[in-house]
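A.B. asks: I have a structure here, written as structure tokens, and I will follow up with some questions on it.
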Amino acid sequence: MLKLRFAGPGAHAPDPLIDRPTGVHVWLNRQGGVVARGFREAGFHWMAWPDLATYRFASDDPFITAYAVAGAPVDVIWDVYRRSVTPMALQAFGWEALHASAIVTDRGLIGFCATSETGKSTVAYGLRRRGFPQWSDDGVVFRTEDAALATPLPFEARLRPESRAMFGADARMLPGLKGNSPGEQRYTEPLPIALICLLKRVNGADDAPPLIRSAPPARAFPELLIHAHEFDPNDPERRARMMQTYLDLAARVPVVEINFVPNRDRLEALLDVIVGELSLVVPDEANAAQSA
């Protein structure tokens, strides 16, 4: 899988604001600010993060090269590489990248998709504390050629302060994943995607129970696309392949919607419903590891 390296002293990356006045794709945050700019130049794909680094990658290169901005925090350059650039690079190379957290069960991966700050990382971490190994915190990279299979990527769990407060003293802080290590990823081989859950916050009474309902393929397909990473939306051939893959995903993998009223005091009740109604079972190897 891809690894990160840093460009040597004196090396410079193209500036998308100067060298690429057209053909640049911009990713924005929820407030409309620029997160990154993507473009192609000299046979490479590039992602430029303002005031941090520009990342270069190509399908025949096993490395993602980072051109760091002077004084940029190295730990953030590594985190952006793992959390955002690697999934986007793999999507450009022909995989698909779903914005999701995931755990491992006895029948494969269970993914949790949601818009930012809905609680997908919190749910995945809460289930992890119940014995389910965590597969990812923010992205699931997959293919659907023969089956819907996800490939393992390095990750580290990242909880917002309010989530850490909910879990108390045993909540993990950032483990400080160093370099090109797997971090908290314990798996080395692909696993099938067994189920995808669309987490949605709704209004209601604080004690209203979560509602889980099946999303048929026709409804699941556009919902999944909302959470898809895409390097170049202006490439019609690549977009057509992406659309077909998500059609296959929606047809092959069950999708459910989990509607819940956000209430920190009822997180465990939400997890109870998810485990019970979805019949989630901790995989045998996790049970064996806990008893060893």
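Letters A, B, ... mark the chains of the structure tokens in the order given; residue numbers begin at 1 per chain; ligand numbers begin at 1, in order shown.
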For the alpha helix (DSSP H) assignment from backbone DSSP, which residues of stretch 73-221 of chain A qualify? Please present them as JSON, numbers by chain.
C.D. replies: {"A": [74, 75, 76, 77, 78, 79, 80, 86, 87, 88, 89, 90, 91, 92, 120, 121, 122, 123, 124, 125, 126, 127, 128, 161, 162, 163, 164, 165, 166, 167, 217, 218, 219, 220, 221]}
A.B. asks: Applying 9 Å and only C-alpha atoms, which residues near A:Ser136 remain after dropping the ones on its own chain fewer than 6 positions away? List them as a PyMOL selection string.
C.D. replies: chain A and resi 100-103+111+121+124+152-157+184-185
A.B. asks: Pick out the residues sitting within 12 Å of A:Pro73, and hand them over as a tab-separated table (two decimals) with N, CA and C atoms, in the first residue's frame; count only C-alpha atoms, and ignore anything fewer than 5 positions along from it in its own chain.
C.D. replies:
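What ended up in result-v5.tsv:
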```tsv
chain	number	residue	atom	x	y	z
A	51	ASP	N	-1.16	26.32	3.52
A	51	ASP	CA	-0.35	26.52	4.73
A	51	ASP	C	0.09	25.21	5.38
A	52	LEU	N	0.00	24.11	4.64
A	52	LEU	CA	0.42	22.83	5.21
A	52	LEU	C	1.39	22.09	4.28
A	53	ALA	N	0.87	21.53	3.17
A	53	ALA	CA	1.70	20.75	2.26
A	53	ALA	C	0.95	20.50	0.96
A	68	ALA	N	6.28	20.02	1.96
A	68	ALA	CA	5.78	20.71	3.15
A	68	ALA	C	6.02	22.21	3.07
A	78	TRP	N	1.29	14.27	8.46
A	78	TRP	CA	1.06	12.82	8.50
A	78	TRP	C	-0.42	12.50	8.64
A	79	ASP	N	-1.12	13.22	9.50
A	79	ASP	CA	-2.53	12.93	9.74
A	79	ASP	C	-3.36	13.18	8.48
A	80	VAL	N	-3.11	14.28	7.79
A	80	VAL	CA	-3.83	14.57	6.55
A	80	VAL	C	-3.52	13.52	5.49
```
A.B. asks: May I ask for the distance between atom CA of A:Pro62 and atom CA of A:Lys3, given in Å to one decimal place?
C.D. replies: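 Computing it gives 6.5 Å between the two atoms.
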A.B. asks: Counting only C-alpha atoms, which residues of stretch 160-232 of chain A sit at most 9 Å from some atom of stretch 84-91 of chain A, and what is each one's closest atom pair with its distance in Å to one decimal, listed by chain and rising residue number, as a tab-separated table?
C.D. replies:
```
residue	atom	partner	partner_atom	distance
A:His229	CA	A:Met88	CA	6.4
A:Glu230	CA	A:Gln91	CA	6.5
A:Phe231	CA	A:Met88	CA	5.8
```
A.B. asks: Report, in Å to a single decimal, how far apart atom CA of A:Pro233 and atom CA of A:Arg20 are.
C.D. replies: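 Atom-to-atom, atom CA of A:Arg20 and atom CA of A:Pro233 are spaced 16.8 Å apart.
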A.B. asks: Residues within 10 Å of A:Val26, please, as a list in words. Count only C-alpha atoms; anything in the same chain fewer than 5 positions from it doesn't count.
C.D. replies: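 The contact residues come out as Gly33, Val34, Val35, Ala36, Arg37, Gly38, Phe39, Met47, Ala48, Phe231 and Asp232 of chain A.
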A.B. asks: What is the distance, in Å and to one decimal place, between atom CA of A:Cys113 and atom CA of A:Phe93?
C.D. replies: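 Atom-to-atom, atom CA of A:Cys113 to atom CA of A:Phe93, that is 22.4 Å.
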A.B. asks: Excluding stretch 201-215 of chain A and any residue of its chain fewer than 3 positions from it, enumerate the residues within 10 Å of it, using only C-alpha atoms, and give them as a VMD selection string.
C.D. replies: chain A and resid 114 to 115 118 to 119 196 to 198 218 to 221 223 250 254 to 266 269 to 274 277 to 278
A.B. asks: Can you check which residues of stretch 13-251 of chain A DSSP gives as strand (DSSP E or B) on the backbone and send them as a ChimeraX atom specification?
C.D. replies: /A:25-28,34-41,44-49,53-57,63-68,96-98,100-105,108-113,134-136,140-143,149-151,155,183,191-201,211-214,228-229
